[in-house]
Each structure stands twice: as structure tokens, then as C-alpha cells.
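First comes the structure, then the notes that go with it.
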Amino acid sequence: MSDTVDAPVIRSDEPGSFSRSVLAERHPALIEKVRDAFPYGPGQHRALDALRDNAAEGTIAPLPPTAYDHDRWAVWGREHFGRSWFDVPFLWAESYFYRRLLEAVGYFADGPWRGVDPFRPFKQAELHTPETEAELAMLDDILREPAGEQAAALVHGSLWGNRADLGFRISSSAADTAGGDTPPLVADDSEALWSLLPVGSPATLCVVADNAGRELLPDLVLIDHVLHHGRAERAVLQVKPYPYYVSDATTEDVVDCLRRLTRSEGAAAGAGGRLWAAMGDGRLTVRAHDFFRAPLPYEEMPGDLRSEFAEATLTVMKGDLNYRRLVGDRLWPPTTSFADRTAYFPGPVAALRTLKSDVIVGLDERTVAALDEREDHWRTSGAHALIQVRR
């Protein structure tokens with residue numbers, strides 16, 4: 001689009017910037033958490049140490065020639081190899097860091113660690129916390145409300161569940177900013193969202209998942225509501241094809257969450273049972289397109305994924321990473337039109353996102369002025385959220 005040149009790509013070379021803190025602070029901390037979560041051997045320890053040191057002070061190298069996706073990353077990284085991690089686009093650097101982490105622990109290598117999710121202990125732990133138990137128990141009250149009130153409560157539960165992102169909580173400011181009362185949304189197109197899914201609609205709802213654990217549970221309950229109340233005949237849940245960012249949902253995580261629901265009590269168990277049955281009869285389908293692990297904006301999606309999104313009555317993009325890929329990971333003026341930035345998308349699209357990176361579009365000038373006056377880091381604190389829709 002013509003205004004792209006006016007919005008610089010987000011990098012991590014500015015001292016004090018949020019993106020730099022992710023690479024310089026969050027990633028080394030995550031490496032230590034992964035190291036401590038598994039009884040990895042000396043080779044994996046050396047590889048993790050090398051990744052930590054290289055990401056901090058070294059230059060970016062290609063994947064080993066033996067890596068199954070070496071050729072693909074050779075294309076994606078051809079402009080970035082040989083440069084500092086801090087000097088390349090933030091979205092690419094984050095994505096490649098996680099790919100290198102999987103390489104370090106042997107996720108793709110032949111041997112006993114092949115396919116072992118290095119983030120699984122963190123995702124599993126989230127499913128069995130007192131907070132999760134309390135949230136599931138609240139469904140007994142929520143699902144007794146009239147359908148319209150249920151819908152409002154469940155979409156906000158899905159929205160604010162994004163606070164559970166482990167990567168966000170690793171950062172130093174998360175403990176201070178993620179608590180307290182829920183602030184107003186900086187944008188709220190929830191009425192437009194529900195208008196696309198009227199009761200009795202033969203709609204197909206597509207949800208592009210973000211995090212597993214405590215965020216995926218309310219996403220699934222929201223999907224159950226849409227199917228159970230006839231707002232859609234079919235739902236598609238798009239997840240990552242393999243572990244990607246630290247909390248990102250895979251098919252294995254979906255199954256874990258469904259088991260957690262079905263083994264609960266009361267309304268949570270009822271929702272879990274309905275979802276399990278919906279998967280069995282095809283009303284709920286899980287997909288894991290390879291593009292979801294690419295360091296690219298959705299504007300560059302391949303034709304088969306574009307066709308899938310075109311078939312949906314509404315696509316809901318969950319979370320911060322999906323938002324960055326949806327509108328472009330650039331320093332847009334916050335009043336940039338959300339509709340314009342998503343005009344390429346092949347059907348109606350909604351973003352449900354807590355604000356945890358610098359990217360933001362679609363706000364009115366009054367809201368931006370109020371936020372700028374009140375807070376220095378409102379774009380990245382996770383204390384604000386939005387629901388934006390382009391019909």
C-alpha cells in the first residue's frame with residue numbers, strides 16, 4: 001500500500017525500546033527456563049548456550065544445510081544473515097530465534113528428543129493453576145445468563161485471556177502492568193463482530209489461535225457458544241504446525257485443553273463435551289497451515305490459505321503476533337485505518353488483542369491523546385486491549 005513507506009519497519013536497534021528488551025532480556029531468560037524444564041544432554045546445553053551468546057552479541061547465521069527447512073529459511077533470511085539480531089526486522093528476528101531454539105534442543109533431529117515441545121511444561125502448568133480453576137468455575141454463572149450476555153462475557157474472556165502469554169510474563173514489567181482492574185478497550189467493534197454471526201446463520205467461523213493454556217480455554221468456550229447457539233454451522237481453529245513462540249497453540253495443545261474442559265465439572269465439562277463431539281462430526285475442524293510459522297505478514301499468504309480465509313464468514317485473529325502480521329509490523333500512526341491496513345484480506349476479519357507490542361492502528365485521535373497523556377508505555381504494557389473488525 002502507498003502509505004507503507006511512511007511507516008518504518010520495527011527493529012530492535014534503539015536502546016530502551018520494547019523490541020530491544022525482548023531480544024536482550026526476554027529471550028535469554030526463556031533459554032534458561034527451557035534449559036531447566038528438561039533433562040537435556042551436554043550437546044543441547046552447548047547449543048542453547050551458543051544461541052544465547054550469538055543472539056546477544058553475534059551475527060545471524062543460516063540454519064545448518066541438513067535442516068529440513070534450510071532452503072525456505074535461506075530465502076526468508078537472505079537479506080538478514082551476517083547482520084546483528086538487533087538490526088533486522090523485529091518480527092523476523094523473533095521468529096528466527098524460536099526456530100533456532102527448536103534446532104538447539106533437537107526438535108527436528110532424528111533421536112529421542114524429536115517432536116518434544118520445549119514449551120510444553122509451561123503450557124501444561126497453566127492448565128492446572130488456581131486461576132484456571134476459578135475461571136472455569138465462573139462458567140457456571142456465565143452460561144446461565146441470556147445468550148446475548150453470554151456472548152459479551154465470552155468474547156471478553158477470549159480477549160483478555162491473552163494476558164496469560166508466558167513470553168509476556170517473562171518480561172520485567174508484566175507483573176506490574178497485568179494486574180488490577182480491566183481498563184476500557186481502546187477500540188471496541190464487538191457489535192460489528194456479532195452482527196456477522198447472527199443466530200440461525202449458516203456461517204463458518206475461523207479462529208486463528210494465539211496462545212495455548214489459559215488463553216486457548218476461553219477461545220474454545222467462545223467457539224462452543226457460537227456453535228451451540230446457532231451463530232455458525234461450522235468452526236475452523238487454525239493453530240501452529242509446531243511449537244513456535246513460547247506459548248503458541250499447536251494441535252497437541254488443543255487436545256490438552258479439550259481434555260481439561262471435559263474433566264472439569266459443571267458448565268466447563270458441558271462445553272468440553274460439545275466441542276469434543278463437534279470435532280468428531282466435523283463441525284469443528286483444526287488446521288495447522290505451514291504459513292503460520294513463517295516470519296511474514298499475512299499480506300504475503302499463499303493462495304491455498306487465502307482460499308481458506310475467503311470461505312469463512314468471519315476470521316478472528318487472536319493475540320499480538322497475529323495482529324502484527326495482519327496489519328504489518330511497522331510504526332504506523334495509531335490513527336491509520338484498520339480497514340485500509342486489512343483491505344487485502346480475502347474476507348471479513350476481526351482482531352482480538354491485548355496490546356503488547358508497538359504496533360497499533362485504527363484508533364481515534366481523542367483516544368490516542370488520552371493514552372499518551374496518561375501512560376508512557378500503553379502500547380506494550382498488556383493493560384489495554386482492542387476488538388477491531390473490518391467487514
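Residues are referred to by chain and number: the chain letter is A, B, ... according to the order shown in the C-alpha cells, the number counts from 1 in that chain, and ligands are numbered separately from 1 in the order shown.
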Stretch 263-351 of chain A near stretch 251-255 of chain A within 12 Å: what's each residue's closest atom pair and its distance in Å to one decimal, counting only C-alpha atoms, ordered by chain then ascending residue number, as CSV?
```
residue,atom,partner,partner_atom,distance
A:Gly272,CA,A:Val255,CA,10.4
A:Leu275,CA,A:Val255,CA,10.6
A:Trp276,CA,A:Val255,CA,9.1
A:Met279,CA,A:Val255,CA,10.6
A:Leu284,CA,A:Val254,CA,11.7
A:Thr285,CA,A:Thr251,CA,10.6
A:Val286,CA,A:Thr251,CA,7.2
A:Arg287,CA,A:Thr251,CA,8.0
A:Ala288,CA,A:Thr251,CA,7.6
A:His289,CA,A:Thr251,CA,11.3
```
With only C-alpha atoms as the counted atoms, please give the residues lying no more than 8 Å from A:Ile60, apart from itself and same-chain residues fewer than 5 positions off, as a ChimeraX atom specification. /A:54-55,80-85
Those same residues, written as a PDB file, in the first residue's frame with C-alpha atoms?
```
ATOM      1  CA  ASN A  54      25.001 -15.420  19.474  1.00  0.00           C
ATOM      2  CA  ALA A  55      21.656 -13.653  19.905  1.00  0.00           C
ATOM      3  CA  HIS A  80      19.466 -10.690   7.177  1.00  0.00           C
ATOM      4  CA  PHE A  81      22.192 -13.308   7.533  1.00  0.00           C
ATOM      5  CA  GLY A  82      25.506 -11.824   8.593  1.00  0.00           C
ATOM      6  CA  ARG A  83      23.862  -8.933  10.423  1.00  0.00           C
ATOM      7  CA  SER A  84      23.203  -8.304  14.112  1.00  0.00           C
ATOM      8  CA  TRP A  85      19.939  -9.670  15.503  1.00  0.00           C
TER       9      TRP A  85
END
```
Which residues come within 8 Å of A:Arg283, counting only C-alpha atoms, excluding same-chain residues fewer than 4 positions away, as a list in words?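 The neighbour list is Glu233, Arg234, Ala235, Ala278 and Met279 of chain A.
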Output file for the residues above (all heavy atoms, as a PDB file, in the first residue's frame):
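For reference, out-v7.pdb as written:
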```
ATOM      1  N   GLU A 233     -22.609 -22.612  11.664  1.00  0.00           N
ATOM      2  CA  GLU A 233     -22.787 -24.046  11.487  1.00  0.00           C
ATOM      3  C   GLU A 233     -21.467 -24.791  11.597  1.00  0.00           C
ATOM      4  O   GLU A 233     -21.448 -26.000  11.863  1.00  0.00           O
ATOM      5  CB  GLU A 233     -23.404 -24.337  10.113  1.00  0.00           C
ATOM      6  CG  GLU A 233     -24.858 -23.886   9.983  1.00  0.00           C
ATOM      7  CD  GLU A 233     -25.461 -24.254   8.643  1.00  0.00           C
ATOM      8  OE1 GLU A 233     -24.691 -24.689   7.739  1.00  0.00           O
ATOM      9  OE2 GLU A 233     -26.676 -24.104   8.490  1.00  0.00           O
ATOM     10  N   ARG A 234     -20.383 -24.066  11.403  1.00  0.00           N
ATOM     11  CA  ARG A 234     -19.076 -24.708  11.351  1.00  0.00           C
ATOM     12  C   ARG A 234     -18.019 -23.751  11.876  1.00  0.00           C
ATOM     13  O   ARG A 234     -18.117 -22.534  11.702  1.00  0.00           O
ATOM     14  CB  ARG A 234     -18.769 -25.099   9.898  1.00  0.00           C
ATOM     15  CG  ARG A 234     -17.465 -25.806   9.663  1.00  0.00           C
ATOM     16  CD  ARG A 234     -17.418 -26.351   8.241  1.00  0.00           C
ATOM     17  NE  ARG A 234     -16.100 -26.893   7.935  1.00  0.00           N
ATOM     18  CZ  ARG A 234     -15.120 -26.213   7.361  1.00  0.00           C
ATOM     19  NH1 ARG A 234     -15.323 -24.944   7.000  1.00  0.00           N
ATOM     20  NH2 ARG A 234     -13.954 -26.769   7.120  1.00  0.00           N
ATOM     21  N   ALA A 235     -16.997 -24.309  12.523  1.00  0.00           N
ATOM     22  CA  ALA A 235     -15.881 -23.507  13.008  1.00  0.00           C
ATOM     23  C   ALA A 235     -14.572 -24.181  12.611  1.00  0.00           C
ATOM     24  O   ALA A 235     -14.465 -25.411  12.585  1.00  0.00           O
ATOM     25  CB  ALA A 235     -15.947 -23.344  14.523  1.00  0.00           C
ATOM     26  N   ALA A 278     -18.218 -32.021  18.454  1.00  0.00           N
ATOM     27  CA  ALA A 278     -18.171 -31.198  17.235  1.00  0.00           C
ATOM     28  C   ALA A 278     -16.962 -31.548  16.386  1.00  0.00           C
ATOM     29  O   ALA A 278     -17.028 -31.531  15.145  1.00  0.00           O
ATOM     30  CB  ALA A 278     -18.153 -29.718  17.596  1.00  0.00           C
ATOM     31  N   MET A 279     -15.855 -31.875  17.024  1.00  0.00           N
ATOM     32  CA  MET A 279     -14.696 -32.315  16.250  1.00  0.00           C
ATOM     33  C   MET A 279     -14.983 -33.663  15.594  1.00  0.00           C
ATOM     34  O   MET A 279     -14.591 -33.914  14.447  1.00  0.00           O
ATOM     35  CB  MET A 279     -13.455 -32.387  17.134  1.00  0.00           C
ATOM     36  CG  MET A 279     -12.913 -31.024  17.527  1.00  0.00           C
ATOM     37  SD  MET A 279     -11.275 -31.091  18.312  1.00  0.00           S
ATOM     38  CE  MET A 279     -10.249 -31.606  16.937  1.00  0.00           C
TER      39      MET A 279
END
```
Using DSSP on the backbone, list every residue of stretch 63-246 of chain A that comes out as strand (DSSP E), and give them as a PyMOL selection string. chain A and resi 187-188+204-208+234-238
Looking at A:Arg353, A:Arg260, A:Arg52, A:Arg120, which one is nearest to A:Gly161, with distances taken over only C-alpha atoms?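 Answer, going by the shortest atom-to-atom distance: A:Arg353.
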Minimum-distance residue to A:Ala268, chosen among A:Gly280, A:Gly230, A:Gly58, A:Pro218 (using only C-alpha atoms):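 Closest to A:Ala268 of all the choices is A:Pro218.
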